[in-house]
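What follows is a set of notes on a single structure, which appears directly below.
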Amino acid sequence: MAISPPRPMGPPLNALRALEAAARLGSFKAAGAELCVTAGAIAQHIKALEAWAGAPLFQRRAQGVELTDLGRTVLPGFTAAFDQLSDAVQTLRTGARPDDIRIAALPSIAQLWLSPRLPEIRERAEGVTISVTALETPPVLKREQFDLCVFIETEPDHPTVIEVSSDIIFPVCAPTLAQRLNRPEDLLGEVCLRDAAWAGDWARWFEAAGTLSGAEPQGPVFSLYSLAVEEAKNGAGVLMGHEPLVRPLLEAGALVAPFDVRVPLAAKLVIGAARPVPPGSSLAQVVELLCKEGRDSTQTSDRL
C-alpha cells in the first residue's frame, strides 16, 4: 500500500519578506512602507514566522524593535536571497519588455526637468514607452521595479549613479518684480516663496549674501516646488531657485535671477539605475537623451 505522509511546510514567502525588510530597516513601520502594507500586517507576519520557528526573532521594546541573536544570524542570508530574487525578477521583466522603461522621480523633477525632455525621447527613441512615478524619496532600486530614478541627492546609493548637474541655489522671480530689486537687502520687503522640502535654502543664501545673515524670509510655504515656481512666474514673490529645475525658465525669460550671489550645494541631480546600463539598449538611449543638456560631469559606478 502506498504511503503519502504530509510533508513539512515551510513558512510563507510574505512572512520571510516581512522579516527581511523589518530587520534591514529596523522598523515594522518602515518595512510596511516598503512592502506597501501596514505595520500591523508586518507584525502579524513576524508573529506567525516566530511561531513556525519556535523562537523569537525580534525583541519588542517601548522605543522600537531589535533583532535577537537568531534574527541577526539569519538576516544576511535572507537579504542576499531577496536581492538575488529581485534581480531575477528585474531580468525577467526587462527581458520580456526591454522598451518598457519605468522612472521614479522627485515630483519637482518629474514636472520641471523630466517632463520637458519626454517629447524628444518619444520622437527619437521609437517604440519606447516611459512610465513616470513621482516619489518624495528615492526608491531602493535593488528591490523596486524601476529602471531609473532621478533625484537631487547628496550621497546617492544606487547600483549605477550618473551625475547630471550640480545643485546651485539663487533667488528667482518674474521680470516685473525684479525691477525693484537692486540689492539683496531689498528682499526683506518682498514676499519670499518657500518650499517645505528645502526649508533651509533661504538661510543658506542669506548667509552667503553677507549682510542678510540671520534674516528670516517672510512668505507662504508650498509642499510642491513646481507650484511655487508657477507662483514666482505669476509675480507672487521671490523663490529660491534650484538651478537644474529653473534653468529652462531662465533661458526662456519667464524668470530672472536679480542677484549674482549663487550658492553651490553638496547635492547633485543624479540618475540612478537598477543595474549597469547595457550599451545600445533602449535604456541607454533614454539615459543619453536625459543627460543631453546641462550635464556637468558623468560619474558612474558601472560604465554605461
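In the C-alpha cells, each chain is lettered A, B, ... as it comes, each chain's residues begin at 1, and ligands are numbered from 1 in order of appearance.
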Need to verify the contact set: Gly241 in chain A, 7 Å, only C-alpha atoms, exclusion of same-chain residues closer than 5 positions in sequence. Can you return it as number ranges by chain?
A: 169-172, 246
When DSSP works through the backbone of this structure, what residues of range 86-300 of chain A end up as strand (DSSP E or B), shown as a ChimeraX atom specification?
/A:100-105,129-134,148-153,160-173,192-195,221-222,238-242,256,263-273
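Every protein or nucleic acid residue with an atom no more than 7 Å from Ile271 in chain A, counting only C-alpha atoms and leaving out same-chain residues fewer than 2 positions away, appears here: Leu148, Cys149, Val150, Phe151, Val161, Ile162, Glu163 and Ala273 of chain A.
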Extract, using only C-alpha atoms, all DNA, RNA and protein residues at most 12 Å from Arg122 in chain A, discarding same-chain residues fewer than 3 positions from it, and format them as a CSV table (one decimal) with C-alpha atoms, in the first residue's frame.
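After the write, around_36.csv holds the following:
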```
chain,number,residue,atom,x,y,z
A,99,ASP,CA,11.3,49.0,-24.4
A,101,ILE,CA,11.0,51.8,-19.1
A,115,SER,CA,8.5,66.3,-18.5
A,116,PRO,CA,10.2,68.8,-20.9
A,117,ARG,CA,12.5,66.1,-22.1
A,118,LEU,CA,9.9,63.4,-22.8
A,119,PRO,CA,8.7,64.8,-26.2
A,125,ALA,CA,13.5,56.6,-29.1
A,126,GLU,CA,10.9,55.0,-31.3
A,127,GLY,CA,8.9,52.2,-29.7
A,128,VAL,CA,10.0,53.1,-26.2
A,129,THR,CA,7.3,53.5,-23.5
A,130,ILE,CA,8.1,55.5,-20.4
A,131,SER,CA,6.2,55.4,-17.2
A,282,SER,CA,16.6,51.4,-25.2
A,285,GLN,CA,19.3,55.7,-25.4
A,286,VAL,CA,16.9,57.2,-22.8
A,289,LEU,CA,18.7,61.8,-24.0
A,290,LEU,CA,18.0,62.7,-20.4
```
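If only C-alpha atoms are the atoms counted, then among A:Glu243, A:Glu34, A:Glu136, A:Asp147 the closest residue to Pro98 in chain A is A:Asp147.
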What separates CA of Leu177 in chain A and CA of Pro107 in chain A is a distance of 26.8 Å
Close residues, Val256 in chain A itself excluded, 7 Å, only C-alpha atoms, min 4 positions apart in chain, as a PDB file with N, CA and C atoms, in the first residue's frame:
```
ATOM      1  N   VAL A 172      15.052  83.747  -7.665  1.00  0.00           N
ATOM      2  CA  VAL A 172      14.489  83.983  -8.991  1.00  0.00           C
ATOM      3  C   VAL A 172      13.111  84.602  -8.821  1.00  0.00           C
ATOM      4  N   CYS A 173      12.693  85.347  -9.828  1.00  0.00           N
ATOM      5  CA  CYS A 173      11.380  85.986  -9.769  1.00  0.00           C
ATOM      6  C   CYS A 173      10.955  86.392 -11.174  1.00  0.00           C
ATOM      7  N   ALA A 174       9.735  86.902 -11.283  1.00  0.00           N
ATOM      8  CA  ALA A 174       9.246  87.400 -12.561  1.00  0.00           C
ATOM      9  C   ALA A 174      10.005  88.673 -12.934  1.00  0.00           C
ATOM     10  N   PRO A 175      10.202  88.937 -14.239  1.00  0.00           N
ATOM     11  CA  PRO A 175      10.948  90.133 -14.659  1.00  0.00           C
ATOM     12  C   PRO A 175      10.375  91.435 -14.101  1.00  0.00           C
ATOM     13  N   LEU A 250      14.669  80.365 -16.939  1.00  0.00           N
ATOM     14  CA  LEU A 250      15.596  81.499 -17.052  1.00  0.00           C
ATOM     15  C   LEU A 250      15.962  81.738 -18.518  1.00  0.00           C
TER      16      LEU A 250
END
```
Please identify the alpha helix (DSSP H) residues within range 52-286 of chain A (assignment by DSSP from backbone atoms) and present them as a CSV table (one decimal) with N, CA and C atoms, in the first residue's frame.
```csv
chain,number,residue,atom,x,y,z
A,52,TRP,N,6.2,29.6,13.8
A,52,TRP,CA,6.7,28.5,13.0
A,52,TRP,C,8.1,28.1,13.4
A,53,ALA,N,9.0,29.1,13.6
A,53,ALA,CA,10.4,28.8,14.0
A,53,ALA,C,10.5,28.3,15.4
A,69,ASP,N,19.6,37.5,18.7
A,69,ASP,CA,20.8,36.9,18.1
A,69,ASP,C,20.5,36.0,16.9
A,70,LEU,N,19.4,35.3,17.0
A,70,LEU,CA,19.0,34.5,15.9
A,70,LEU,C,18.6,35.3,14.7
A,71,GLY,N,17.9,36.4,14.9
A,71,GLY,CA,17.5,37.3,13.8
A,71,GLY,C,18.7,37.9,13.1
A,72,ARG,N,19.7,38.3,13.9
A,72,ARG,CA,20.9,38.8,13.3
A,72,ARG,C,21.7,37.8,12.5
A,73,THR,N,21.6,36.5,13.0
A,73,THR,CA,22.3,35.4,12.3
A,73,THR,C,21.7,35.2,10.9
A,74,VAL,N,20.4,35.2,10.8
A,74,VAL,CA,19.7,34.8,9.6
A,74,VAL,C,19.6,35.9,8.6
A,75,LEU,N,19.7,37.2,9.1
A,75,LEU,CA,19.4,38.3,8.2
A,75,LEU,C,20.3,38.4,6.9
A,76,PRO,N,21.6,38.2,7.0
A,76,PRO,CA,22.4,38.3,5.8
A,76,PRO,C,22.0,37.3,4.7
A,77,GLY,N,21.6,36.1,5.1
A,77,GLY,CA,21.2,35.1,4.1
A,77,GLY,C,19.9,35.5,3.4
A,78,PHE,N,18.9,36.0,4.2
A,78,PHE,CA,17.7,36.4,3.6
A,78,PHE,C,17.9,37.7,2.7
A,79,THR,N,18.7,38.6,3.2
A,79,THR,CA,19.0,39.8,2.4
A,79,THR,C,19.6,39.4,1.0
A,80,ALA,N,20.6,38.6,1.0
A,80,ALA,CA,21.2,38.1,-0.2
A,80,ALA,C,20.2,37.4,-1.1
A,81,ALA,N,19.4,36.6,-0.5
A,81,ALA,CA,18.4,35.8,-1.2
A,81,ALA,C,17.4,36.7,-1.9
A,82,PHE,N,16.8,37.7,-1.2
A,82,PHE,CA,15.8,38.6,-1.8
A,82,PHE,C,16.5,39.6,-2.8
A,83,ASP,N,17.7,39.9,-2.6
A,83,ASP,CA,18.4,40.7,-3.6
A,83,ASP,C,18.5,39.9,-4.9
A,84,GLN,N,18.9,38.7,-4.8
A,84,GLN,CA,19.0,37.8,-5.9
A,84,GLN,C,17.7,37.6,-6.6
A,85,LEU,N,16.6,37.4,-5.8
A,85,LEU,CA,15.3,37.2,-6.3
A,85,LEU,C,14.8,38.5,-7.1
A,86,SER,N,15.0,39.6,-6.5
A,86,SER,CA,14.7,40.9,-7.1
A,86,SER,C,15.4,41.1,-8.4
A,87,ASP,N,16.7,40.7,-8.5
A,87,ASP,CA,17.5,40.8,-9.7
A,87,ASP,C,16.9,39.9,-10.8
A,88,ALA,N,16.5,38.7,-10.4
A,88,ALA,CA,16.0,37.8,-11.3
A,88,ALA,C,14.6,38.3,-11.9
A,89,VAL,N,13.8,38.9,-11.0
A,89,VAL,CA,12.5,39.4,-11.5
A,89,VAL,C,12.8,40.6,-12.4
A,90,GLN,N,13.8,41.4,-12.1
A,90,GLN,CA,14.1,42.5,-13.0
A,90,GLN,C,14.6,42.0,-14.3
A,91,THR,N,15.4,41.0,-14.3
A,91,THR,CA,15.9,40.4,-15.6
A,91,THR,C,14.7,39.9,-16.4
A,92,LEU,N,13.8,39.2,-15.8
A,92,LEU,CA,12.6,38.7,-16.5
A,92,LEU,C,11.8,39.8,-17.1
A,93,ARG,N,11.5,40.9,-16.3
A,93,ARG,CA,10.7,42.0,-16.8
A,93,ARG,C,11.4,42.7,-18.0
A,94,THR,N,12.7,43.1,-17.8
A,94,THR,CA,13.3,43.8,-18.8
A,94,THR,C,13.6,43.0,-20.1
A,95,GLY,N,13.8,41.6,-19.8
A,95,GLY,CA,14.0,40.8,-21.0
A,95,GLY,C,12.7,40.6,-21.8
A,96,ALA,N,11.6,40.6,-21.1
A,96,ALA,CA,10.3,40.4,-21.8
A,96,ALA,C,9.9,41.7,-22.4
A,107,PRO,N,8.9,64.7,-7.3
A,107,PRO,CA,7.8,65.4,-8.0
A,107,PRO,C,8.2,66.7,-8.8
A,108,SER,N,9.1,67.5,-8.2
A,108,SER,CA,9.5,68.7,-8.8
A,108,SER,C,10.4,68.4,-10.1
A,109,ILE,N,11.2,67.4,-10.0
A,109,ILE,CA,12.0,66.9,-11.1
A,109,ILE,C,11.1,66.4,-12.2
A,118,LEU,N,10.6,64.6,-22.3
A,118,LEU,CA,9.9,63.4,-22.8
A,118,LEU,C,9.5,63.5,-24.3
A,119,PRO,N,9.1,64.7,-24.8
A,119,PRO,CA,8.7,64.8,-26.2
A,119,PRO,C,9.9,64.4,-27.1
A,120,GLU,N,11.1,64.8,-26.8
A,120,GLU,CA,12.2,64.4,-27.7
A,120,GLU,C,12.5,62.9,-27.5
A,121,ILE,N,12.4,62.4,-26.3
A,121,ILE,CA,12.6,61.0,-26.1
A,121,ILE,C,11.6,60.2,-27.0
A,122,ARG,N,10.3,60.6,-26.9
A,122,ARG,CA,9.3,59.9,-27.7
A,122,ARG,C,9.6,59.9,-29.2
A,123,GLU,N,10.2,61.1,-29.7
A,123,GLU,CA,10.5,61.3,-31.1
A,123,GLU,C,11.7,60.5,-31.5
A,124,ARG,N,12.7,60.4,-30.7
A,124,ARG,CA,14.0,59.8,-31.1
A,124,ARG,C,14.1,58.3,-30.6
A,175,PRO,N,10.2,88.9,-14.2
A,175,PRO,CA,10.9,90.1,-14.7
A,175,PRO,C,10.4,91.4,-14.1
A,176,THR,N,9.1,91.6,-14.0
A,176,THR,CA,8.5,92.8,-13.5
A,176,THR,C,8.8,93.0,-12.0
A,177,LEU,N,8.9,91.9,-11.2
A,177,LEU,CA,9.2,92.1,-9.8
A,177,LEU,C,10.7,92.4,-9.7
A,178,ALA,N,11.5,91.9,-10.6
A,178,ALA,CA,13.0,92.1,-10.5
A,178,ALA,C,13.4,93.5,-10.6
A,201,ASP,N,16.9,76.7,2.4
A,201,ASP,CA,17.5,77.3,1.3
A,201,ASP,C,17.7,78.8,1.5
A,202,TRP,N,16.7,79.5,2.0
A,202,TRP,CA,16.8,81.0,2.2
A,202,TRP,C,17.9,81.3,3.2
A,203,ALA,N,18.0,80.6,4.3
A,203,ALA,CA,19.0,80.8,5.3
A,203,ALA,C,20.4,80.7,4.7
A,204,ARG,N,20.6,79.6,3.9
A,204,ARG,CA,21.9,79.4,3.3
A,204,ARG,C,22.3,80.6,2.4
A,205,TRP,N,21.3,81.0,1.6
A,205,TRP,CA,21.6,82.1,0.7
A,205,TRP,C,21.8,83.4,1.4
A,206,PHE,N,21.0,83.7,2.4
A,206,PHE,CA,21.1,84.9,3.2
A,206,PHE,C,22.5,85.0,3.8
A,207,GLU,N,23.0,83.8,4.3
A,207,GLU,CA,24.3,83.8,4.9
A,207,GLU,C,25.4,84.1,3.9
A,208,ALA,N,25.3,83.5,2.7
A,208,ALA,CA,26.2,83.8,1.6
A,208,ALA,C,26.2,85.2,1.1
A,209,ALA,N,25.0,85.8,1.2
A,209,ALA,CA,24.9,87.2,0.8
A,209,ALA,C,25.6,88.2,1.8
A,225,TYR,N,7.1,72.1,-5.1
A,225,TYR,CA,8.1,73.1,-5.6
A,225,TYR,C,7.6,73.7,-7.0
A,226,SER,N,7.0,72.8,-7.8
A,226,SER,CA,6.5,73.3,-9.1
A,226,SER,C,5.4,74.3,-9.0
A,227,LEU,N,4.6,74.2,-7.9
A,227,LEU,CA,3.6,75.2,-7.7
A,227,LEU,C,4.2,76.5,-7.2
A,228,ALA,N,5.2,76.5,-6.4
A,228,ALA,CA,6.0,77.7,-6.0
A,228,ALA,C,6.6,78.3,-7.2
A,229,VAL,N,7.1,77.5,-8.2
A,229,VAL,CA,7.7,78.1,-9.4
A,229,VAL,C,6.6,78.8,-10.2
A,230,GLU,N,5.4,78.2,-10.3
A,230,GLU,CA,4.4,78.9,-11.0
A,230,GLU,C,4.0,80.2,-10.4
A,231,GLU,N,4.0,80.2,-9.1
A,231,GLU,CA,3.6,81.5,-8.3
A,231,GLU,C,4.7,82.5,-8.6
A,232,ALA,N,6.0,82.1,-8.6
A,232,ALA,CA,7.1,83.0,-8.9
A,232,ALA,C,6.9,83.6,-10.3
A,233,LYS,N,6.6,82.7,-11.3
A,233,LYS,CA,6.3,83.2,-12.7
A,233,LYS,C,5.2,84.2,-12.7
A,243,GLU,N,19.0,75.5,-9.6
A,243,GLU,CA,19.4,75.7,-11.0
A,243,GLU,C,19.0,74.7,-12.0
A,244,PRO,N,19.1,73.4,-11.7
A,244,PRO,CA,18.7,72.4,-12.7
A,244,PRO,C,17.2,72.5,-13.0
A,245,LEU,N,16.4,73.0,-12.0
A,245,LEU,CA,14.9,73.0,-12.2
A,245,LEU,C,14.4,74.3,-12.9
A,246,VAL,N,15.1,75.4,-12.6
A,246,VAL,CA,14.6,76.7,-13.2
A,246,VAL,C,15.4,77.1,-14.4
A,247,ARG,N,16.4,76.4,-14.8
A,247,ARG,CA,17.3,76.8,-15.9
A,247,ARG,C,16.4,77.1,-17.2
A,248,PRO,N,15.5,76.2,-17.6
A,248,PRO,CA,14.7,76.4,-18.8
A,248,PRO,C,13.9,77.7,-18.7
A,249,LEU,N,13.4,78.0,-17.5
A,249,LEU,CA,12.6,79.2,-17.4
A,249,LEU,C,13.4,80.5,-17.4
A,250,LEU,N,14.7,80.4,-16.9
A,250,LEU,CA,15.6,81.5,-17.1
A,250,LEU,C,16.0,81.7,-18.5
A,251,GLU,N,16.2,80.6,-19.2
A,251,GLU,CA,16.6,80.8,-20.6
A,251,GLU,C,15.4,81.3,-21.5
A,252,ALA,N,14.2,81.0,-21.1
A,252,ALA,CA,13.0,81.5,-21.8
A,252,ALA,C,12.6,82.9,-21.4
A,282,SER,N,17.6,50.3,-25.4
A,282,SER,CA,16.6,51.4,-25.2
A,282,SER,C,16.9,52.2,-24.0
A,283,LEU,N,17.2,51.5,-22.9
A,283,LEU,CA,17.5,52.2,-21.7
A,283,LEU,C,18.7,53.1,-21.8
A,284,ALA,N,19.7,52.7,-22.5
A,284,ALA,CA,20.9,53.5,-22.7
A,284,ALA,C,20.6,54.7,-23.6
A,285,GLN,N,19.7,54.6,-24.5
A,285,GLN,CA,19.3,55.7,-25.4
A,285,GLN,C,18.5,56.7,-24.6
A,286,VAL,N,17.6,56.2,-23.7
A,286,VAL,CA,16.9,57.2,-22.8
A,286,VAL,C,17.8,57.9,-21.9
```
